[in-house]
Every structure is written in structure tokens, then in C-alpha cells.
file start_24.txt (compact mmCIF, C-alpha atoms)
# COMPACT_ATOMS: atom_id res chain seq x y z
CA MET A 1 116.96 4.13 -41.01
CA SER A 2 115.10 6.72 -43.04
CA ASP A 3 114.39 10.13 -41.54
CA LEU A 4 110.76 9.86 -40.59
CA PHE A 5 110.31 13.62 -40.30
CA SER A 6 111.32 14.23 -43.93
CA MET A 7 108.68 11.78 -45.13
CA SER A 8 105.18 13.01 -45.96
CA LEU A 9 102.63 12.65 -43.17
CA ARG A 10 100.70 10.24 -45.43
CA ASP A 11 103.76 7.99 -45.91
CA VAL A 12 104.61 8.04 -42.18
CA LEU A 13 101.07 6.83 -41.40
CA ARG A 14 101.29 4.09 -44.05
CA LEU A 15 104.70 2.93 -42.75
CA SER A 16 103.40 2.98 -39.21
CA ALA A 17 100.39 0.84 -40.25
CA SER A 18 102.58 -1.72 -42.05
CA SER A 19 104.26 -4.77 -40.54
CA GLU A 20 107.57 -2.85 -40.42
CA PRO A 21 108.63 -2.88 -36.76
CA THR A 22 109.52 0.84 -36.79
CA PRO A 23 107.91 3.24 -36.11
CA GLY A 24 106.38 1.26 -33.24
CA GLY A 25 104.39 2.31 -30.20
CA GLY A 26 107.19 4.31 -28.55
CA SER A 27 107.86 6.37 -31.66
CA VAL A 28 104.17 6.94 -32.38
CA SER A 29 103.68 8.08 -28.77
CA ALA A 30 106.50 10.61 -29.22
CA ILE A 31 105.02 11.82 -32.54
CA CYS A 32 101.65 12.48 -30.87
CA ALA A 33 103.48 14.17 -27.97
CA ALA A 34 105.16 16.42 -30.57
CA PHE A 35 101.69 17.34 -31.88
CA ALA A 36 100.64 18.11 -28.29
CA ALA A 37 103.68 20.40 -27.93
CA SER A 38 102.76 22.07 -31.24
CA MET A 39 99.32 22.95 -29.82
CA ALA A 40 100.92 24.59 -26.77
CA ALA A 41 103.19 26.57 -29.11
CA MET A 42 100.21 27.60 -31.28
CA VAL A 43 98.18 28.87 -28.30
CA SER A 44 101.28 30.83 -27.20
CA ASN A 45 101.78 32.27 -30.69
CA LEU A 46 98.13 33.37 -30.76
CA THR A 47 98.65 35.16 -27.42
CA ILE A 48 101.96 36.94 -28.13
CA GLY A 49 101.58 40.43 -29.58
CA LYS A 50 97.93 40.78 -28.56
CA LYS A 51 97.18 44.00 -26.62
CA ARG A 52 94.78 42.22 -24.29
CA TYR A 53 97.53 39.81 -23.19
CA LYS A 54 100.34 42.38 -22.87
CA ASP A 55 100.72 41.75 -19.13
CA VAL A 56 101.54 38.06 -19.62
CA GLU A 57 103.59 38.45 -22.81
CA GLU A 58 106.96 37.75 -21.18
CA GLN A 59 105.70 34.55 -19.56
CA VAL A 60 104.02 33.39 -22.76
CA LEU A 61 107.17 34.07 -24.80
CA ASP A 62 109.05 31.75 -22.43
CA ILE A 63 106.33 29.12 -22.69
CA ARG A 64 106.37 29.31 -26.51
CA ASP A 65 110.17 28.84 -26.61
CA ARG A 66 109.92 25.92 -24.19
CA ALA A 67 107.11 24.34 -26.23
CA LEU A 68 109.26 24.50 -29.37
CA CYS A 69 112.20 22.98 -27.44
CA LEU A 70 109.96 20.13 -26.28
CA LEU A 71 108.72 19.63 -29.85
CA SER A 72 112.34 19.23 -31.05
CA ARG A 73 113.10 16.94 -28.10
CA PHE A 74 110.19 14.65 -29.07
CA GLU A 75 111.56 14.53 -32.61
CA GLU A 76 114.95 13.42 -31.24
CA LEU A 77 113.24 10.81 -29.08
CA VAL A 78 111.42 9.34 -32.09
CA ALA A 79 114.81 8.84 -33.76
CA ALA A 80 116.28 7.44 -30.52
CA ASP A 81 113.38 5.00 -30.12
CA MET A 82 113.77 3.70 -33.67
CA ALA A 83 117.57 3.34 -33.22
CA GLN A 84 117.12 1.48 -29.92
CA PHE A 85 114.80 -0.98 -31.59
CA GLN A 86 117.40 -1.72 -34.27
CA ARG A 87 120.07 -2.27 -31.57
CA PHE A 88 117.73 -4.63 -29.78
CA MET A 89 117.08 -6.72 -32.90
CA GLU A 90 120.82 -6.86 -33.68
CA ALA A 91 121.58 -8.14 -30.17
CA TYR A 92 118.96 -10.89 -30.55
CA ARG A 93 120.47 -11.95 -33.88
CA MET A 94 123.99 -12.39 -32.40
CA PRO A 95 125.48 -15.90 -32.67
CA LYS A 96 124.99 -18.14 -29.62
CA SER A 97 126.89 -21.33 -30.48
CA THR A 98 129.64 -21.13 -27.83
CA GLU A 99 129.39 -20.22 -24.16
CA GLU A 100 131.46 -17.10 -24.88
CA GLU A 101 129.07 -16.03 -27.66
CA GLN A 102 126.09 -16.66 -25.41
CA GLU A 103 127.57 -14.46 -22.67
CA ARG A 104 128.40 -11.69 -25.12
CA ARG A 105 124.90 -11.88 -26.64
CA GLU A 106 123.20 -11.79 -23.24
CA LEU A 107 125.29 -8.75 -22.25
CA LEU A 108 124.28 -6.88 -25.40
CA ILE A 109 120.61 -7.86 -24.96
CA GLN A 110 120.66 -6.55 -21.40
CA GLU A 111 122.23 -3.29 -22.56
CA ALA A 112 119.66 -3.00 -25.36
CA LEU A 113 116.83 -3.66 -22.89
CA LYS A 114 118.01 -0.82 -20.70
CA GLY A 115 118.23 1.48 -23.73
CA ALA A 116 114.78 0.40 -24.88
CA THR A 117 113.50 1.24 -21.39
CA GLU A 118 115.35 4.53 -20.99
CA THR A 119 114.03 6.06 -24.24
CA PRO A 120 110.30 5.59 -23.50
CA MET A 121 110.97 6.71 -19.90
CA GLU A 122 112.49 9.88 -21.33
CA ILE A 123 109.46 10.30 -23.65
CA ALA A 124 107.21 10.01 -20.57
CA ARG A 125 109.34 12.48 -18.54
CA THR A 126 109.22 14.96 -21.42
CA CYS A 127 105.41 14.55 -21.63
CA LEU A 128 105.25 15.39 -17.92
CA GLY A 129 107.32 18.54 -18.58
CA LEU A 130 104.85 19.43 -21.33
CA LEU A 131 101.88 18.93 -18.99
CA GLU A 132 103.50 21.20 -16.37
CA MET A 133 103.93 23.83 -19.05
CA VAL A 134 100.32 23.50 -20.26
CA CYS A 135 99.18 24.12 -16.67
CA LYS A 136 101.08 27.43 -16.76
CA LEU A 137 99.70 28.36 -20.18
CA ALA A 138 96.06 27.42 -19.52
CA PRO A 139 95.26 30.35 -17.15
CA ILE A 140 96.97 33.05 -19.26
CA GLY A 141 96.84 31.99 -22.92
CA ASN A 142 94.49 33.63 -25.43
CA LYS A 143 90.98 32.63 -24.42
CA MET A 144 89.91 32.35 -28.09
CA ALA A 145 92.33 29.44 -28.55
CA ILE A 146 92.39 28.01 -25.06
CA SER A 147 90.62 24.77 -25.99
CA ASP A 148 93.79 23.85 -27.86
CA ALA A 149 95.72 23.92 -24.57
CA GLY A 150 93.22 21.25 -23.50
CA VAL A 151 94.01 19.28 -26.68
CA ALA A 152 97.69 19.45 -25.69
CA ALA A 153 96.88 18.16 -22.19
CA TYR A 154 94.79 15.18 -23.35
CA LEU A 155 97.34 14.14 -25.98
CA ALA A 156 100.37 14.58 -23.71
CA GLU A 157 98.89 12.39 -20.97
CA ALA A 158 97.91 9.69 -23.48
CA ALA A 159 101.39 9.78 -25.05
CA LEU A 160 102.95 9.37 -21.59
CA ASN A 161 100.80 6.34 -20.77
CA ALA A 162 101.32 4.87 -24.23
CA ALA A 163 105.12 5.26 -24.03
CA LEU A 164 105.17 3.54 -20.64
CA LEU A 165 103.69 0.38 -22.22
CA SER A 166 107.12 -0.08 -23.86
CA VAL A 167 108.70 0.22 -20.40
CA ASP A 168 106.31 -2.45 -19.09
CA ILE A 169 107.41 -4.90 -21.78
CA ASN A 170 111.13 -4.48 -21.18
CA VAL A 171 111.49 -4.08 -17.42
CA PRO A 172 110.53 -7.68 -16.51
CA LEU A 173 113.36 -8.92 -18.77
CA ILE A 174 116.05 -6.75 -17.13
CA LYS A 175 118.30 -8.69 -14.73
CA ASP A 176 119.66 -5.62 -12.93
CA SER A 177 116.95 -5.68 -10.28
CA LYS A 178 118.04 -2.42 -8.66
CA TYR A 179 117.64 -0.59 -11.97
CA ALA A 180 114.33 -2.34 -12.67
CA GLU A 181 112.93 -1.35 -9.27
CA LYS A 182 114.03 2.26 -9.73
CA VAL A 183 112.24 2.39 -13.09
CA ARG A 184 109.06 0.83 -11.66
CA GLN A 185 108.88 3.45 -8.93
CA GLU A 186 109.52 6.36 -11.27
CA ARG A 187 106.92 4.94 -13.67
CA GLU A 188 104.19 5.00 -11.02
CA GLY A 189 105.03 8.59 -10.09
CA LEU A 190 104.89 9.71 -13.73
CA VAL A 191 101.43 8.20 -14.28
CA LYS A 192 100.03 9.76 -11.10
CA GLN A 193 101.50 13.22 -11.69
CA ALA A 194 100.42 13.21 -15.35
CA SER A 195 96.84 12.38 -14.39
CA GLU A 196 96.75 15.21 -11.84
CA LEU A 197 98.29 17.75 -14.22
CA LYS A 198 95.91 16.80 -17.03
CA GLU A 199 92.90 17.15 -14.72
CA ARG A 200 94.18 20.54 -13.57
CA ALA A 201 94.76 21.79 -17.13
CA ILE A 202 91.34 20.59 -18.35
CA SER A 203 89.64 22.14 -15.35
CA ILE A 204 91.24 25.54 -16.06
CA VAL A 205 90.49 25.28 -19.79
CA SER A 206 86.85 24.34 -19.11
CA SER A 207 86.34 27.29 -16.73
CA ARG A 208 87.78 29.70 -19.25
CA MET A 209 85.70 28.22 -22.09
CA ALA A 210 82.61 28.65 -19.90
CA GLY A 211 83.54 32.30 -19.54
CA VAL A 212 84.31 32.17 -15.81
CA SER A 213 87.70 33.83 -16.34
CA MET B 1 94.34 25.08 -48.39
CA SER B 2 97.42 22.95 -48.85
CA ASP B 3 97.17 19.17 -48.58
CA LEU B 4 98.54 18.52 -45.12
CA PHE B 5 99.18 14.83 -45.80
CA SER B 6 101.54 15.58 -48.71
CA MET B 7 103.67 17.81 -46.47
CA SER B 8 106.59 16.36 -44.53
CA LEU B 9 105.83 15.39 -40.94
CA ARG B 10 108.37 18.05 -39.84
CA ASP B 11 106.56 20.80 -41.80
CA VAL B 12 103.13 19.71 -40.52
CA LEU B 13 104.41 20.01 -36.94
CA ARG B 14 105.91 23.45 -37.62
CA LEU B 15 102.69 24.68 -39.28
CA SER B 16 100.67 23.30 -36.40
CA ALA B 17 102.93 25.12 -33.87
CA SER B 18 102.65 28.45 -35.76
CA SER B 19 99.95 31.09 -35.31
CA GLU B 20 98.21 29.81 -38.47
CA PRO B 21 94.70 28.85 -37.39
CA THR B 22 94.79 25.53 -39.27
CA PRO B 23 95.59 22.82 -38.42
CA GLY B 24 93.94 23.51 -35.06
CA GLY B 25 92.88 21.23 -32.23
CA GLY B 26 90.24 19.29 -34.18
CA SER B 27 92.63 18.46 -37.03
CA VAL B 28 95.48 17.56 -34.66
CA SER B 29 93.11 15.26 -32.75
CA ALA B 30 92.20 13.52 -36.00
CA ILE B 31 95.90 13.19 -36.97
CA CYS B 32 96.68 11.50 -33.64
CA ALA B 33 93.60 9.29 -34.09
CA ALA B 34 95.01 8.30 -37.51
CA PHE B 35 98.25 7.28 -35.75
CA ALA B 36 96.17 5.24 -33.27
CA ALA B 37 94.47 3.49 -36.21
CA SER B 38 97.90 2.83 -37.75
CA MET B 39 98.95 1.00 -34.57
CA ALA B 40 95.87 -1.25 -34.74
CA ALA B 41 96.70 -1.98 -38.39
CA MET B 42 100.35 -2.73 -37.48
CA VAL B 43 99.40 -5.21 -34.74
CA SER B 44 97.01 -6.88 -37.23
CA ASN B 45 99.70 -7.04 -39.92
CA LEU B 46 102.10 -8.64 -37.42
CA THR B 47 99.45 -11.28 -36.65
CA ILE B 48 98.34 -12.18 -40.20
CA GLY B 49 100.30 -15.04 -41.78
CA LYS B 50 101.69 -16.29 -38.45
CA LYS B 51 101.14 -20.03 -37.86
CA ARG B 52 100.42 -19.50 -34.17
CA TYR B 53 97.53 -17.16 -35.01
CA LYS B 54 96.06 -19.22 -37.87
CA ASP B 55 92.74 -19.73 -36.00
CA VAL B 56 92.05 -16.01 -35.72
CA GLU B 57 93.42 -15.02 -39.14
CA GLU B 58 90.00 -14.33 -40.72
CA GLN B 59 88.98 -12.06 -37.86
CA VAL B 60 92.30 -10.24 -37.86
CA LEU B 61 92.16 -9.71 -41.63
CA ASP B 62 88.78 -7.99 -41.14
CA ILE B 63 90.19 -5.90 -38.29
CA ARG B 64 93.20 -4.85 -40.39
CA ASP B 65 90.95 -3.75 -43.29
CA ARG B 66 88.70 -1.85 -40.89
CA ALA B 67 91.73 -0.17 -39.25
CA LEU B 68 92.95 1.03 -42.66
CA CYS B 69 89.43 2.32 -43.48
CA LEU B 70 89.39 4.24 -40.20
CA LEU B 71 92.85 5.65 -40.94
CA SER B 72 91.59 6.99 -44.29
CA ARG B 73 88.45 8.31 -42.61
CA PHE B 74 90.55 10.28 -40.12
CA GLU B 75 92.52 11.75 -43.02
CA GLU B 76 89.23 12.90 -44.62
CA LEU B 77 88.13 14.38 -41.29
CA VAL B 78 91.34 16.42 -41.00
CA ALA B 79 90.56 17.97 -44.39
CA ALA B 80 86.90 18.50 -43.39
CA ASP B 81 87.92 20.17 -40.11
CA MET B 82 90.28 22.57 -41.89
CA ALA B 83 87.61 23.40 -44.52
CA GLN B 84 84.98 24.02 -41.83
CA PHE B 85 87.27 26.47 -40.10
CA GLN B 86 87.70 28.44 -43.34
CA ARG B 87 83.92 28.53 -43.83
CA PHE B 88 83.50 29.78 -40.29
CA MET B 89 86.01 32.61 -40.77
CA GLU B 90 84.37 33.60 -44.08
CA ALA B 91 80.95 33.83 -42.43
CA TYR B 92 82.34 36.08 -39.68
CA ARG B 93 83.92 38.35 -42.29
CA MET B 94 80.59 38.87 -44.14
CA PRO B 95 79.35 42.49 -44.34
CA LYS B 96 76.90 43.55 -41.63
CA SER B 97 75.93 47.12 -42.56
CA THR B 98 72.25 46.56 -43.39
CA GLU B 99 69.65 44.48 -41.55
CA GLU B 100 69.49 42.14 -44.55
CA GLU B 101 73.26 41.64 -44.47
CA GLN B 102 73.15 40.99 -40.75
CA GLU B 103 70.46 38.32 -41.16
CA ARG B 104 72.36 36.66 -44.01
CA ARG B 105 75.60 36.76 -41.98
CA GLU B 106 73.95 35.30 -38.87
CA LEU B 107 72.41 32.50 -40.97
CA LEU B 108 75.81 31.59 -42.43
CA ILE B 109 77.47 31.75 -39.00
CA GLN B 110 74.83 29.40 -37.57
CA GLU B 111 75.36 26.99 -40.49
CA ALA B 112 79.14 27.18 -40.02
CA LEU B 113 78.78 26.54 -36.28
CA LYS B 114 76.79 23.37 -36.97
CA GLY B 115 79.41 22.25 -39.46
CA ALA B 116 82.22 23.03 -37.00
CA THR B 117 80.34 20.93 -34.41
CA GLU B 118 79.47 18.04 -36.71
CA THR B 119 83.06 17.43 -37.87
CA PRO B 120 84.63 17.01 -34.39
CA MET B 121 81.57 14.93 -33.38
CA GLU B 122 82.31 12.68 -36.34
CA ILE B 123 86.00 12.52 -35.31
CA ALA B 124 84.85 11.45 -31.83
CA ARG B 125 82.41 8.84 -33.20
CA THR B 126 85.16 7.42 -35.42
CA CYS B 127 87.51 7.24 -32.39
CA LEU B 128 84.81 5.25 -30.59
CA GLY B 129 84.63 2.87 -33.56
CA LEU B 130 88.40 2.48 -33.34
CA LEU B 131 88.24 1.73 -29.61
CA GLU B 132 85.57 -0.95 -30.24
CA MET B 133 87.87 -2.49 -32.82
CA VAL B 134 90.91 -2.38 -30.51
CA CYS B 135 88.86 -4.30 -27.90
CA LYS B 136 88.33 -7.05 -30.50
CA LEU B 137 92.00 -7.06 -31.51
CA ALA B 138 93.49 -6.99 -28.00
CA PRO B 139 92.58 -10.60 -27.05
CA ILE B 140 93.67 -12.19 -30.34
CA GLY B 141 96.47 -10.04 -31.85
CA ASN B 142 100.10 -11.16 -31.84
CA LYS B 143 101.22 -11.13 -28.21
CA MET B 144 104.71 -9.89 -29.21
CA ALA B 145 103.17 -6.62 -30.45
CA ILE B 146 100.12 -6.38 -28.20
CA SER B 147 101.39 -3.34 -26.27
CA ASP B 148 100.83 -1.37 -29.47
CA ALA B 149 97.10 -2.18 -29.26
CA GLY B 150 97.31 -0.42 -25.89
CA VAL B 151 99.03 2.55 -27.55
CA ALA B 152 96.09 2.69 -30.00
CA ALA B 153 93.59 2.64 -27.10
CA TYR B 154 95.27 5.45 -25.13
CA LEU B 155 95.66 7.68 -28.19
CA ALA B 156 92.14 7.03 -29.53
CA GLU B 157 90.49 7.98 -26.22
CA ALA B 158 92.62 11.14 -25.91
CA ALA B 159 91.81 12.11 -29.53
CA LEU B 160 88.09 11.66 -28.79
CA ASN B 161 88.22 13.88 -25.70
CA ALA B 162 90.40 16.43 -27.47
CA ALA B 163 88.05 16.63 -30.48
CA LEU B 164 85.07 17.17 -28.18
CA LEU B 165 86.67 20.39 -26.85
CA SER B 166 85.86 21.90 -30.27
CA VAL B 167 82.25 20.79 -29.79
CA ASP B 168 82.18 22.46 -26.36
CA ILE B 169 83.26 25.78 -27.86
CA ASN B 170 80.65 25.81 -30.60
CA VAL B 171 77.53 24.30 -29.03
CA PRO B 172 76.80 27.23 -26.66
CA LEU B 173 76.70 29.56 -29.69
CA ILE B 174 74.18 27.46 -31.63
CA LYS B 175 70.64 28.89 -31.53
CA ASP B 176 68.90 25.67 -32.64
CA SER B 177 68.40 24.42 -29.08
CA LYS B 178 67.01 21.05 -30.14
CA TYR B 179 70.17 20.33 -32.14
CA ALA B 180 72.39 21.64 -29.32
CA GLU B 181 70.69 19.40 -26.76
CA LYS B 182 71.01 16.35 -29.02
CA VAL B 183 74.74 17.02 -29.42
CA ARG B 184 75.24 17.48 -25.66
CA GLN B 185 73.60 14.15 -24.93
CA GLU B 186 75.55 12.28 -27.58
CA ARG B 187 78.75 13.94 -26.34
CA GLU B 188 78.28 12.59 -22.81
CA GLY B 189 77.65 9.08 -24.13
CA LEU B 190 80.78 9.17 -26.30
CA VAL B 191 83.03 10.18 -23.37
CA LYS B 192 81.60 7.49 -21.10
CA GLN B 193 81.76 4.69 -23.66
CA ALA B 194 85.28 5.67 -24.72
CA SER B 195 86.52 5.55 -21.15
CA GLU B 196 85.02 2.08 -20.63
CA LEU B 197 86.40 0.72 -23.90
CA LYS B 198 89.88 2.12 -23.21
CA GLU B 199 89.89 0.56 -19.72
CA ARG B 200 88.79 -2.78 -21.20
CA ALA B 201 91.45 -2.69 -23.93
CA ILE B 202 94.24 -1.74 -21.49
CA SER B 203 93.14 -4.44 -19.06
CA ILE B 204 93.31 -7.12 -21.78
CA VAL B 205 96.65 -5.81 -23.07
CA SER B 206 98.12 -5.75 -19.54
CA SER B 207 97.03 -9.34 -18.81
CA ARG B 208 98.56 -10.57 -22.04
CA MET B 209 101.79 -8.63 -21.43
CA ALA B 210 101.98 -10.21 -17.99
CA GLY B 211 101.75 -13.60 -19.71
CA VAL B 212 98.33 -14.54 -18.30
CA SER B 213 97.00 -15.37 -21.78
call {"tool": "encode", "arguments": {"input": "start_24.txt", "output": "C-alpha cells"}}
result
Amino acid sequence: MSDLFSMSLRDVLRLSASSEPTPGGGSVSAICAAFAASMAAMVSNLTIGKKRYKDVEEQVLDIRDRALCLLSRFEELVAADMAQFQRFMEAYRMPKSTEEEQERRELLIQEALKGATETPMEIARTCLGLLEMVCKLAPIGNKMAISDAGVAAYLAEAALNAALLSVDINVPLIKDSKYAEKVRQEREGLVKQASELKERAISIVSSRMAGVS
Amino acid sequence: MSDLFSMSLRDVLRLSASSEPTPGGGSVSAICAAFAASMAAMVSNLTIGKKRYKDVEEQVLDIRDRALCLLSRFEELVAADMAQFQRFMEAYRMPKSTEEEQERRELLIQEALKGATETPMEIARTCLGLLEMVCKLAPIGNKMAISDAGVAAYLAEAALNAALLSVDINVPLIKDSKYAEKVRQEREGLVKQASELKERAISIVSSRMAGVS
């Protein structure tokens, strides 16, 4: 597997558009989530060191560091998503001539399905963390750049929903019904919370853009 | 201005997270829209040449070519957005000692504001075109990859809304009220249509993932 992040942006887009299975939807969701995190970091960086925002500098420094951590985490999750996909394909290609082989193959497929569920779930959880952070940044970040906190909110929610489509494919194939049910419940909570946080962030950003605060 | 698309994905993310003003929210929206277009192209490429999808091959070939055109268009719009921002900053930095200089500066600022409105509007319009295309692809694309058409829909709508935040900053500063009103009306239409098209695409994708068709 090549390191996607060392490739030029142009080549990543071309690879993504090709019939190559990776990067697929999970990885592309995490890449866009990384861009969302980069916008939160940029707004923070444009706030830090400005006299007018001296009172919130400590908070914004924390937010900036957290945004950069989330950006790195999304990069790791892109790599994890691509690796999971390879594991999944390898499991499907296992021999299935004897009963023993069939059992072994099924076991590996089930493990791969859980992995290919866990990674997009983690992408979605990390997007939720990003949205929580954007809600903290939106009221205090530099007003001149605050629309970009809104950009972060829109993209983070979309990345969360997009990543969960990979969960929706895999969960129905998982035989561990307890695990599957747990994932389904968490999934619903993530979607609901993300929608609320995005609305809140956009509402704050819009007020500040309109000059209310 | 460096060519963003020749830089590594890692460096683009780091530059975007820094206090450098470009790439800002408009450019990042267009980059994520390009990733959405790449997903539509990937689903098409995974459909073309498959026996099971022979009947829709002509349509899907057209969709694939259109997706790649849109991808290139988003790349152009990233460059246009970054160039507009530079023009805007240059206009603000113009001398304003004499009345003549002030008039000249104000004229250039007003021109730059229109440019910095037109580019994100064009990003939004192109996202709408992508969503229309995804609605055509969703019912006929390879079912094994159809979730990635959903990824394209989520990301394209978010990119549209995110790009329009740049419009919302600039329009109140534009003195040509006829132009400003025209933009406001078109803006509302774009948001509404995008929401409907995304819902339609996700509904089709969900049915097909559930095995209904």
C-alpha cells in the first residue's frame, strides 16, 4: 500500500477516481474530515497572538493543538481504512474447498467485517469530537475568519455521515448480533449529535458574520 | 502562488491548517467537492465493463466522463479562489491618501468583492451539477460500490453549503444592490435544490444497500 499522504493531491484525486478499490468512501471521508480539522486549526492560528483576542488565547491555543491532533488522527484512520479493506479482500480470497478451510475463511471474514466496521465508526467518533471542538471555537475565534469554522462544521458532519455508510454495508453481514446491535445504537446517536452540533456551530458562525457578536 | 495540486496531500493539509490565508474555506470546499466527484467517477469505473451492468453502460460512460470533467473544474476553481483572495488583499493594500486614490481603491475592492463572490457561487453551482449527476448514477451504478455514490452526495452538499459561507461574507459589502440581490436569490435556490438532491441520492443508495433493488 502506497502512502497516500506523500502523493500529490492531484494523484490522490486521480487514484480515488479510478477503479482501484482504495481509497474508497471511508478513506475519502477521513481525508475530507482532515481538511475540516485543518480549517479549525487555521481559524485558531489566525486568532492566536492577536491583541483583540488576548482574553481567549489560552483556550484557543488548546483548541489549535487539539485540531492538529485530530488532523493527524484522521490521517491514521485513512491508512487504517485502506489496510482493513486489504484484509477484507484477503479473507474473501481464502480457499474454501474443505469444511475446515470454509470455517477458517468465515472466521477471518467475520473478523475483517468487524475491523471494517470499527474503522469508519472511529472516523465518525473523531468527526463528532471535531464538531464539539468547532462549537467551542465558533464563539471565540477571530471574527475575520469565522466563516471557516462553519466550513469545518459542514465538512465534519458530512464526513461523519459518509463514513457511516461503510458501517451500514458491513453491519448486516456480522453474525455477532450483540456487537451489531451495539454498533447500530451508537450509529444513531452519532448522527443525531452531529446534526445538533453542526446546527449550533453554524448558528453561532452566522450570528457573528452578521455582526451580532 | 504555488500549485496546490502538485504538493503532497500531507503538505496541503499542513498549509491549510497554518495561518496562511490560502487555501481558505472556499478552496477547501472545492477540494472536498473534487473528492466527491472522484467517488462518482470511481463508482462509474466499477460499473463499466461489468456484464451485469451492460444495459446501462452507455449512460454510465457518460456519467464517468462528466464526473472527471467536474473534478477538473473543481481543481480550476481552487486556483481561481486562491487568485481572487490575492486580488482582494492587493486592493485593500492600495494607497488611500488622496480622494482619487480612495476612489480607485474602492473601485478595485468592489471588483474584487464581486470576484470573491462569483468564484464560491460557481463552486456551489458545480456542486449542484455533481449532485444531479449522482442522482442519475445512484439507481444504475454497481450495487457493490453504491455506498460511495452516497459519500459523493454527502460531501457535495456540504461543499456547496461551505462555499456559500464565503458568499455570505462578501455580499453585504457589495454596493451594486441589484447584483447582491440576484446572488442572494440564487444562493437560496442552490441550498434548497442541493438538500433535495442529496436526500434523493441517499434514499436511492439506502434502498439499494438494503437489497430492495
call {"tool": "closest_residue", "arguments": {"input": "start_24.txt", "among": "B:Ile202, B:Leu15, B:Met7, B:Ala80", "to": "chain A", "atoms": "all atoms listed in the file"}}
result
B:Met7
call {"tool": "closest_atom_pairs", "arguments": {"input": "start_24.txt", "of": "chain B", "to": "chain A", "cutoff": "6 Å", "atoms": "only C-alpha atoms", "output": "JSON lines"}}
result
{"residue": "B:Phe5", "atom": "CA", "partner": "A:Arg10", "partner_atom": "CA", "distance": 4.8}
{"residue": "B:Ser6", "atom": "CA", "partner": "A:Ser8", "partner_atom": "CA", "distance": 5.2}
{"residue": "B:Met7", "atom": "CA", "partner": "A:Ser8", "partner_atom": "CA", "distance": 5.1}
{"residue": "B:Ser8", "atom": "CA", "partner": "A:Ser8", "partner_atom": "CA", "distance": 3.9}
{"residue": "B:Leu9", "atom": "CA", "partner": "A:Leu9", "partner_atom": "CA", "distance": 4.8}
{"residue": "B:Arg10", "atom": "CA", "partner": "A:Phe5", "partner_atom": "CA", "distance": 4.9}
{"residue": "B:Ser16", "atom": "CA", "partner": "A:Ser38", "partner_atom": "CA", "distance": 5.7}
{"residue": "B:Ala17", "atom": "CA", "partner": "A:Ser38", "partner_atom": "CA", "distance": 4.0}
{"residue": "B:Ser18", "atom": "CA", "partner": "A:Met42", "partner_atom": "CA", "distance": 5.2}
{"residue": "B:Ser19", "atom": "CA", "partner": "A:Asn45", "partner_atom": "CA", "distance": 5.1}
{"residue": "B:Gly25", "atom": "CA", "partner": "A:Asp148", "partner_atom": "CA", "distance": 5.2}
{"residue": "B:Cys32", "atom": "CA", "partner": "A:Cys32", "partner_atom": "CA", "distance": 5.8}
{"residue": "B:Ser38", "atom": "CA", "partner": "A:Ala17", "partner_atom": "CA", "distance": 4.1}
{"residue": "B:Met39", "atom": "CA", "partner": "A:Ala17", "partner_atom": "CA", "distance": 5.9}
{"residue": "B:Ala41", "atom": "CA", "partner": "A:Ala17", "partner_atom": "CA", "distance": 5.0}
{"residue": "B:Met42", "atom": "CA", "partner": "A:Ala17", "partner_atom": "CA", "distance": 4.5}
{"residue": "B:Asn45", "atom": "CA", "partner": "A:Ser19", "partner_atom": "CA", "distance": 5.1}
{"residue": "B:Leu46", "atom": "CA", "partner": "A:Ser19", "partner_atom": "CA", "distance": 5.4}
{"residue": "B:Ser147", "atom": "CA", "partner": "A:Leu165", "partner_atom": "CA", "distance": 6.0}
{"residue": "B:Asp148", "atom": "CA", "partner": "A:Gly25", "partner_atom": "CA", "distance": 5.2}
{"residue": "B:Val151", "atom": "CA", "partner": "A:Ala162", "partner_atom": "CA", "distance": 4.7}
{"residue": "B:Tyr154", "atom": "CA", "partner": "A:Ala158", "partner_atom": "CA", "distance": 5.3}
{"residue": "B:Leu155", "atom": "CA", "partner": "A:Ala158", "partner_atom": "CA", "distance": 5.6}
{"residue": "B:Ala158", "atom": "CA", "partner": "A:Tyr154", "partner_atom": "CA", "distance": 5.3}
{"residue": "B:Ala162", "atom": "CA", "partner": "A:Val151", "partner_atom": "CA", "distance": 4.7}
{"residue": "B:Leu165", "atom": "CA", "partner": "A:Ser147", "partner_atom": "CA", "distance": 6.0}
call {"tool": "atom_distance", "arguments": {"input": "start_24.txt", "atom1": "CA of Lys114 (chain A)", "atom2": "CA of Glu196 (chain A)"}}
result
28.1 Å
call {"tool": "closest_residue", "arguments": {"input": "start_24.txt", "among": "B:Arg66, B:Lys51, B:Lys198, B:Arg93", "to": "Cys135 (chain B)", "atoms": "all atoms listed in the file"}}
result
B:Lys198
call {"tool": "residues_around", "arguments": {"input": "start_24.txt", "residues": "Ala91 (chain A)", "least_positions_apart": "2", "cutoff": "12 Å", "atoms": "only C-alpha atoms", "output": "list of chain:residue names"}}
result
A:Gln84, A:Phe85, A:Gln86, A:Arg87, A:Phe88, A:Met89, A:Arg93, A:Met94, A:Pro95, A:Lys96, A:Glu101, A:Gln102, A:Glu103, A:Arg104, A:Arg105, A:Glu106, A:Leu107, A:Leu108, A:Ile109, A:Gln110, A:Glu111, A:Ala112, A:Leu113
call {"tool": "atom_distance", "arguments": {"input": "start_24.txt", "atom1": "CA of Val191 (chain A)", "atom2": "CA of Glu122 (chain A)"}}
result
13.2 Å
call {"tool": "residues_around", "arguments": {"input": "start_24.txt", "residues": "Gln59 (chain A)", "least_positions_apart": "5", "cutoff": "9 Å", "atoms": "all atoms listed in the file", "output": "VMD selection string"}}
result
chain A and resid 64 136 to 137 140
call {"tool": "atom_distance", "arguments": {"input": "start_24.txt", "atom1": "CA of Ala79 (chain A)", "atom2": "CA of Arg125 (chain A)"}}
result
16.6 Å
call {"tool": "closest_residue", "arguments": {"input": "start_24.txt", "among": "A:Ala180, A:Thr126, A:Leu131, A:Cys69", "to": "Glu199 (chain A)", "atoms": "all atoms listed in the file"}}
result
A:Leu131
